[in-house]
Amino acid sequence: MDLDINRLYVRTCGADVLFAFEGEISSERINLILEEIEAKTESMRIELRLRKKIYNVMVECLQNLYHHSDEVPLIVADRLGKSYGMVVLKREGNTFMLTVGNFVSTDKVKFLSEKIEKLNSLSKDELKEMYKFILNYQKLSPKGGGGLGLIDIARKSGHKLSYQFYGFDDMYSFYRLDIVI
Amino acid sequence: MDTLLIEGTQKTPTVRFDASKGLVEIKGRSIPENSIEFYRPLVEWLEKYATEAKSQTQVNIQLEYFNTSSSKCILDVFKKLEAIHKANSGVTINWFYDQDDEDMLEAGQDYESIIRVPFKMMEVEG
């Protein structure tokens, strides 16, 4: 195994971490994380606009992890559990950096990379138009996603999305998304 | 017809749909993992209401947060209201947003550009 997920988690956390979690993302866990994020950002007296952005982006990321994480590769399932998501929120000067990570089957890597590259190539107005088009014309998937999550994250962030795929084995990669808020 | 009342939770909004007053209200947070299930009774209520709509229907949407899966369901609610509006029954959608919450204002404007119903953007002082 080339990739040590726990080490990646610790390295991602670093010094200025406000919130960090690794493990199974259940509906109840999402509630707990959101409560904690809300309490922390309020106590830090962050302006309402930014606080809401952080919360909104967090909701979309957590629900992406909840709906779309692939199962944990068997070889590390005893250590990481059957389902694994990584969430780290850090302060970086006047902005915040939210990092989320999960396993994806390697056949999704191309699709996801192209999707993020496409979003990164669009202007604010183009993102808005794309969001409205999908909102209006695409059916909601049974998982409820409907393909709007990443676009919404990109719009709320206002920055280019950074991502990385760490090869794990033939079947799985670890997908990491870094969002500036 | 019966008033539809749903108490809000940490992830779902308070709903008050009152046919006798021509009042449709959704307030709070809408961030459930499964929004289709939550919004189904709202859409069904509006389908019935369409057959006996008041001459004026006031719609108050005051959301603190909503997720993207709710955003599609909210559009479904608005499409039902659009149909009522088209059938010569006046509908106004009041979209409330916090003074500093530009994202929520923009979300209202996104809907306004899709749905053919008069919107009023209602700024709420924080």
# chains A, B, ... in the order shown; residues from 1 in each chain; ligands from 1
>>> interface_residues(of="chain A", to="chain B", cutoff="10 Å", atoms="only C-alpha atoms", output="VMD selection string")
chain A and resid 27 30 to 31 34 to 35 47 to 53 55 to 57 59 to 60 62 to 64 66 to 67 128 to 129 131 to 153 155 to 156
>>> write_last_selection(atoms="N, CA and C atoms", output="compact mmCIF listing (two decimals), in the first residue's frame")
# COMPACT_ATOMS: atom_id res chain seq x y z
N SER A 27 -25.92 10.34 8.62
CA SER A 27 -26.81 11.50 8.73
C SER A 27 -26.64 12.16 10.11
N ILE A 30 -23.43 14.09 10.31
CA ILE A 30 -23.56 15.37 9.61
C ILE A 30 -24.16 16.41 10.55
N ASN A 31 -25.22 16.01 11.29
CA ASN A 31 -25.84 16.95 12.26
C ASN A 31 -24.81 17.44 13.26
N LEU A 34 -22.21 19.81 11.71
CA LEU A 34 -22.78 21.13 11.40
C LEU A 34 -23.00 21.96 12.67
N GLU A 35 -23.45 21.28 13.72
CA GLU A 35 -23.64 21.98 15.01
C GLU A 35 -22.31 22.57 15.48
N GLU A 47 -17.92 37.21 10.27
CA GLU A 47 -19.09 37.93 9.74
C GLU A 47 -20.11 36.93 9.16
N LEU A 48 -21.38 37.32 9.29
CA LEU A 48 -22.48 36.43 8.93
C LEU A 48 -22.36 35.86 7.51
N ARG A 49 -21.99 36.73 6.57
CA ARG A 49 -21.93 36.32 5.17
C ARG A 49 -20.96 35.13 4.99
N LEU A 50 -19.79 35.28 5.61
CA LEU A 50 -18.76 34.25 5.50
C LEU A 50 -19.16 32.98 6.27
N ARG A 51 -19.77 33.20 7.43
CA ARG A 51 -20.21 32.09 8.26
C ARG A 51 -21.21 31.22 7.50
N LYS A 52 -22.11 31.90 6.80
CA LYS A 52 -23.12 31.17 6.03
C LYS A 52 -22.51 30.43 4.85
N LYS A 53 -21.51 31.07 4.22
CA LYS A 53 -20.82 30.41 3.10
C LYS A 53 -20.16 29.12 3.59
N TYR A 55 -20.87 27.32 6.16
CA TYR A 55 -21.90 26.34 6.51
C TYR A 55 -22.48 25.68 5.26
N ASN A 56 -22.82 26.52 4.29
CA ASN A 56 -23.40 26.00 3.06
C ASN A 56 -22.46 25.05 2.31
N VAL A 57 -21.21 25.47 2.18
CA VAL A 57 -20.25 24.62 1.46
C VAL A 57 -20.03 23.32 2.24
N VAL A 59 -22.24 21.82 4.15
CA VAL A 59 -23.42 20.96 3.93
C VAL A 59 -23.26 20.18 2.63
N GLU A 60 -22.92 20.88 1.56
CA GLU A 60 -22.81 20.21 0.26
C GLU A 60 -21.71 19.16 0.27
N LEU A 62 -20.45 17.52 2.90
CA LEU A 62 -20.80 16.39 3.75
C LEU A 62 -21.83 15.50 3.05
N GLN A 63 -22.77 16.13 2.37
CA GLN A 63 -23.78 15.32 1.70
C GLN A 63 -23.22 14.62 0.46
N ASN A 64 -22.23 15.24 -0.18
CA ASN A 64 -21.52 14.53 -1.25
C ASN A 64 -20.84 13.29 -0.69
N TYR A 66 -21.67 11.67 1.98
CA TYR A 66 -22.73 10.76 2.41
C TYR A 66 -23.30 9.97 1.22
N HIS A 67 -23.53 10.66 0.13
CA HIS A 67 -24.18 10.01 -1.01
C HIS A 67 -23.21 9.31 -1.97
N LYS A 128 -23.26 30.60 -12.90
CA LYS A 128 -24.65 30.91 -12.55
C LYS A 128 -25.60 30.33 -13.62
N GLU A 129 -25.24 30.55 -14.88
CA GLU A 129 -26.10 30.05 -15.97
C GLU A 129 -26.15 28.53 -15.98
N TYR A 131 -25.70 26.55 -13.41
CA TYR A 131 -26.49 26.15 -12.23
C TYR A 131 -27.98 26.24 -12.56
N LYS A 132 -28.38 27.35 -13.15
CA LYS A 132 -29.80 27.56 -13.45
C LYS A 132 -30.30 26.56 -14.48
N PHE A 133 -29.45 26.26 -15.46
CA PHE A 133 -29.84 25.31 -16.50
C PHE A 133 -30.09 23.92 -15.88
N ILE A 134 -29.13 23.48 -15.06
CA ILE A 134 -29.28 22.14 -14.45
C ILE A 134 -30.45 22.13 -13.47
N LEU A 135 -30.59 23.19 -12.72
CA LEU A 135 -31.71 23.30 -11.78
C LEU A 135 -33.04 23.13 -12.52
N ASN A 136 -33.13 23.76 -13.67
CA ASN A 136 -34.40 23.79 -14.38
C ASN A 136 -34.66 22.55 -15.23
N TYR A 137 -33.61 21.98 -15.80
CA TYR A 137 -33.83 20.94 -16.81
C TYR A 137 -33.44 19.52 -16.41
N GLN A 138 -32.66 19.36 -15.34
CA GLN A 138 -32.26 17.99 -15.03
C GLN A 138 -33.06 17.42 -13.87
N LYS A 139 -33.43 16.16 -14.03
CA LYS A 139 -34.20 15.48 -12.98
C LYS A 139 -33.31 15.22 -11.77
N LEU A 140 -33.95 15.21 -10.61
CA LEU A 140 -33.25 14.88 -9.38
C LEU A 140 -32.98 13.37 -9.36
N SER A 141 -31.75 13.01 -9.02
CA SER A 141 -31.44 11.58 -8.92
C SER A 141 -32.04 11.04 -7.64
N PRO A 142 -32.21 9.71 -7.54
CA PRO A 142 -32.77 9.16 -6.30
C PRO A 142 -31.96 9.56 -5.07
N LYS A 143 -30.66 9.78 -5.28
CA LYS A 143 -29.83 10.21 -4.15
C LYS A 143 -30.03 11.70 -3.85
N GLY A 144 -30.73 12.36 -4.71
CA GLY A 144 -31.06 13.76 -4.44
C GLY A 144 -30.04 14.76 -4.96
N GLY A 145 -28.97 14.26 -5.53
CA GLY A 145 -27.89 15.16 -5.92
C GLY A 145 -28.23 16.04 -7.09
N GLY A 146 -28.48 15.41 -8.22
CA GLY A 146 -28.87 16.19 -9.39
C GLY A 146 -27.74 16.99 -10.02
N GLY A 147 -26.51 16.73 -9.59
CA GLY A 147 -25.36 17.34 -10.24
C GLY A 147 -25.13 18.81 -9.92
N LEU A 148 -25.83 19.32 -8.91
CA LEU A 148 -25.68 20.74 -8.59
C LEU A 148 -24.65 21.02 -7.50
N GLY A 149 -24.32 20.00 -6.72
CA GLY A 149 -23.47 20.19 -5.54
C GLY A 149 -22.16 20.90 -5.83
N LEU A 150 -21.40 20.35 -6.78
CA LEU A 150 -20.08 20.93 -7.07
C LEU A 150 -20.18 22.34 -7.65
N ILE A 151 -21.21 22.56 -8.47
CA ILE A 151 -21.38 23.89 -9.07
C ILE A 151 -21.68 24.90 -7.97
N ASP A 152 -22.53 24.48 -7.03
CA ASP A 152 -22.88 25.36 -5.91
C ASP A 152 -21.64 25.66 -5.07
N ILE A 153 -20.83 24.64 -4.83
CA ILE A 153 -19.59 24.83 -4.07
C ILE A 153 -18.69 25.84 -4.79
N ARG A 155 -19.57 28.14 -6.93
CA ARG A 155 -20.18 29.49 -6.89
C ARG A 155 -19.96 30.15 -5.54
N LYS A 156 -20.22 29.39 -4.48
CA LYS A 156 -20.12 29.97 -3.13
C LYS A 156 -18.66 30.28 -2.79
>>> select_by_dssp(residues="range 65-178 of chain A", states="helix (DSSP H, G or I)", output="PyMOL selection string")
chain A and resi 65-68+74-80+106-121+124-137+149-157
>>> residues_around(residues="range 95-112 of chain A", least_positions_apart="2", cutoff="9 Å", atoms="only C-alpha atoms", output="PyMOL selection string")
chain A and resi 12+50+54+57-58+61-62+65+68-73+83-93+114-117+165+167-181
>>> residues_around(residues="Leu46 in chain B", least_positions_apart="6", cutoff="10 Å", atoms="only C-alpha atoms", output="MDAnalysis selection string")
chainID B and resid 17 19 24 52:53 77:81 83:84
>>> write_last_selection(atoms="N, CA and C atoms", output="tab-separated table (two decimals), in the first residue's frame")
chain	number	residue	atom	x	y	z
B	17	PHE	N	-49.10	25.87	5.10
B	17	PHE	CA	-49.86	26.11	3.87
B	17	PHE	C	-51.33	26.20	4.30
B	19	ALA	N	-54.99	27.17	3.04
B	19	ALA	CA	-55.82	27.44	1.86
B	19	ALA	C	-56.83	28.55	2.15
B	24	VAL	N	-48.92	30.56	1.82
B	24	VAL	CA	-47.97	29.45	1.66
B	24	VAL	C	-46.64	29.89	2.28
B	52	GLU	N	-58.82	25.09	-6.12
B	52	GLU	CA	-59.67	25.99	-5.33
B	52	GLU	C	-58.88	27.19	-4.80
B	53	ALA	N	-57.94	27.65	-5.63
B	53	ALA	CA	-57.03	28.71	-5.17
B	53	ALA	C	-57.77	30.01	-4.89
B	77	VAL	N	-42.01	23.27	-6.18
B	77	VAL	CA	-43.05	24.02	-5.47
B	77	VAL	C	-43.40	25.29	-6.27
B	78	PHE	N	-42.36	25.99	-6.74
B	78	PHE	CA	-42.60	27.23	-7.49
B	78	PHE	C	-43.30	26.95	-8.82
B	79	LYS	N	-43.00	25.79	-9.44
B	79	LYS	CA	-43.66	25.47	-10.72
B	79	LYS	C	-45.16	25.24	-10.51
B	80	LYS	N	-45.49	24.64	-9.37
B	80	LYS	CA	-46.93	24.47	-9.05
B	80	LYS	C	-47.58	25.85	-8.86
B	81	LEU	N	-46.86	26.73	-8.19
B	81	LEU	CA	-47.39	28.08	-7.96
B	81	LEU	C	-47.50	28.86	-9.27
B	83	ALA	N	-48.20	27.54	-12.14
B	83	ALA	CA	-49.40	27.03	-12.81
B	83	ALA	C	-50.65	27.71	-12.24
B	84	ILE	N	-50.66	27.92	-10.93
B	84	ILE	CA	-51.80	28.59	-10.28
B	84	ILE	C	-51.88	30.05	-10.76
>>> closest_residue(among="B:Gly90, B:Ile74, B:Ile61, B:Ile26", to="Met122 in chain B", atoms="only C-alpha atoms")
B:Ile61
>>> atom_distance(atom1="CA of Asp16 in chain A", atom2="CA of Asp4 in chain A")
21.8 Å
>>> select_by_dssp(residues="chain B", states="strand (DSSP E)", output="NGL selection string")
:B and (4-6 or 14-18 or 23-30 or 56-66 or 90-98 or 119-124)
>>> atom_distance(atom1="CA of Asp78 in chain A", atom2="CA of Tyr9 in chain A")
17.2 Å
>>> decode(residues="range 55-79 of chain B", atoms="N, CA and C atoms", output="mmCIF file, in the first residue's frame")
data_model
loop_
_atom_site.group_PDB
_atom_site.id
_atom_site.type_symbol
_atom_site.label_atom_id
_atom_site.label_comp_id
_atom_site.auth_asym_id
_atom_site.auth_seq_id
_atom_site.Cartn_x
_atom_site.Cartn_y
_atom_site.Cartn_z
ATOM 1 N N SER B 55 -58.152 34.158 -4.805
ATOM 2 C CA SER B 55 -57.833 35.100 -5.888
ATOM 3 C C SER B 55 -56.412 35.666 -5.702
ATOM 4 N N GLN B 56 -55.944 35.697 -4.457
ATOM 5 C CA GLN B 56 -54.563 36.109 -4.190
ATOM 6 C C GLN B 56 -53.891 35.072 -3.286
ATOM 7 N N THR B 57 -52.714 34.623 -3.680
ATOM 8 C CA THR B 57 -51.944 33.712 -2.816
ATOM 9 C C THR B 57 -50.621 34.390 -2.460
ATOM 10 N N GLN B 58 -50.379 34.525 -1.177
ATOM 11 C CA GLN B 58 -49.115 35.097 -0.715
ATOM 12 C C GLN B 58 -48.168 33.958 -0.357
ATOM 13 N N VAL B 59 -46.973 34.003 -0.902
ATOM 14 C CA VAL B 59 -45.994 32.959 -0.630
ATOM 15 C C VAL B 59 -44.811 33.593 0.101
ATOM 16 N N ASN B 60 -44.524 33.118 1.285
ATOM 17 C CA ASN B 60 -43.384 33.643 2.045
ATOM 18 C C ASN B 60 -42.307 32.570 2.179
ATOM 19 N N ILE B 61 -41.171 32.841 1.571
ATOM 20 C CA ILE B 61 -40.060 31.890 1.657
ATOM 21 C C ILE B 61 -38.945 32.577 2.457
ATOM 22 N N GLN B 62 -38.678 32.050 3.619
ATOM 23 C CA GLN B 62 -37.651 32.666 4.479
ATOM 24 C C GLN B 62 -36.697 31.575 4.952
ATOM 25 N N LEU B 63 -35.712 31.321 4.128
ATOM 26 C CA LEU B 63 -34.799 30.218 4.428
ATOM 27 C C LEU B 63 -33.448 30.749 4.897
ATOM 28 N N GLU B 64 -32.959 30.119 5.926
ATOM 29 C CA GLU B 64 -31.646 30.477 6.444
ATOM 30 C C GLU B 64 -30.568 29.752 5.630
ATOM 31 N N TYR B 65 -30.841 28.486 5.363
ATOM 32 C CA TYR B 65 -29.948 27.657 4.541
ATOM 33 C C TYR B 65 -30.792 26.719 3.710
ATOM 34 N N PHE B 66 -30.346 26.418 2.485
ATOM 35 C CA PHE B 66 -30.915 25.262 1.793
ATOM 36 C C PHE B 66 -29.845 24.587 0.954
ATOM 37 N N ASN B 67 -29.951 23.276 0.831
ATOM 38 C CA ASN B 67 -28.946 22.539 0.072
ATOM 39 C C ASN B 67 -29.391 22.383 -1.383
ATOM 40 N N THR B 68 -28.497 21.857 -2.213
ATOM 41 C CA THR B 68 -28.820 21.803 -3.643
ATOM 42 C C THR B 68 -29.931 20.792 -3.928
ATOM 43 N N SER B 69 -30.046 19.762 -3.092
ATOM 44 C CA SER B 69 -31.130 18.821 -3.392
ATOM 45 C C SER B 69 -32.478 19.457 -3.046
ATOM 46 N N SER B 70 -32.522 20.322 -2.039
ATOM 47 C CA SER B 70 -33.759 21.082 -1.769
ATOM 48 C C SER B 70 -34.044 22.080 -2.883
ATOM 49 N N SER B 71 -32.979 22.605 -3.506
ATOM 50 C CA SER B 71 -33.196 23.671 -4.481
ATOM 51 C C SER B 71 -34.074 23.190 -5.638
ATOM 52 N N LYS B 72 -33.910 21.910 -6.014
ATOM 53 C CA LYS B 72 -34.767 21.361 -7.082
ATOM 54 C C LYS B 72 -36.205 21.214 -6.603
ATOM 55 N N CYS B 73 -36.353 20.787 -5.343
ATOM 56 C CA CYS B 73 -37.701 20.591 -4.797
ATOM 57 C C CYS B 73 -38.416 21.928 -4.626
ATOM 58 N N ILE B 74 -37.660 22.949 -4.239
ATOM 59 C CA ILE B 74 -38.249 24.292 -4.105
ATOM 60 C C ILE B 74 -38.714 24.771 -5.486
ATOM 61 N N LEU B 75 -37.915 24.451 -6.512
ATOM 62 C CA LEU B 75 -38.334 24.809 -7.871
ATOM 63 C C LEU B 75 -39.640 24.100 -8.234
ATOM 64 N N ASP B 76 -39.789 22.842 -7.819
ATOM 65 C CA ASP B 76 -41.040 22.113 -8.078
ATOM 66 C C ASP B 76 -42.220 22.809 -7.408
ATOM 67 N N VAL B 77 -42.006 23.272 -6.182
ATOM 68 C CA VAL B 77 -43.052 24.023 -5.470
ATOM 69 C C VAL B 77 -43.396 25.290 -6.272
ATOM 70 N N PHE B 78 -42.365 25.987 -6.740
ATOM 71 C CA PHE B 78 -42.599 27.226 -7.494
ATOM 72 C C PHE B 78 -43.303 26.947 -8.824
ATOM 73 N N LYS B 79 -42.998 25.791 -9.439
ATOM 74 C CA LYS B 79 -43.661 25.472 -10.716
ATOM 75 C C LYS B 79 -45.158 25.237 -10.509
#
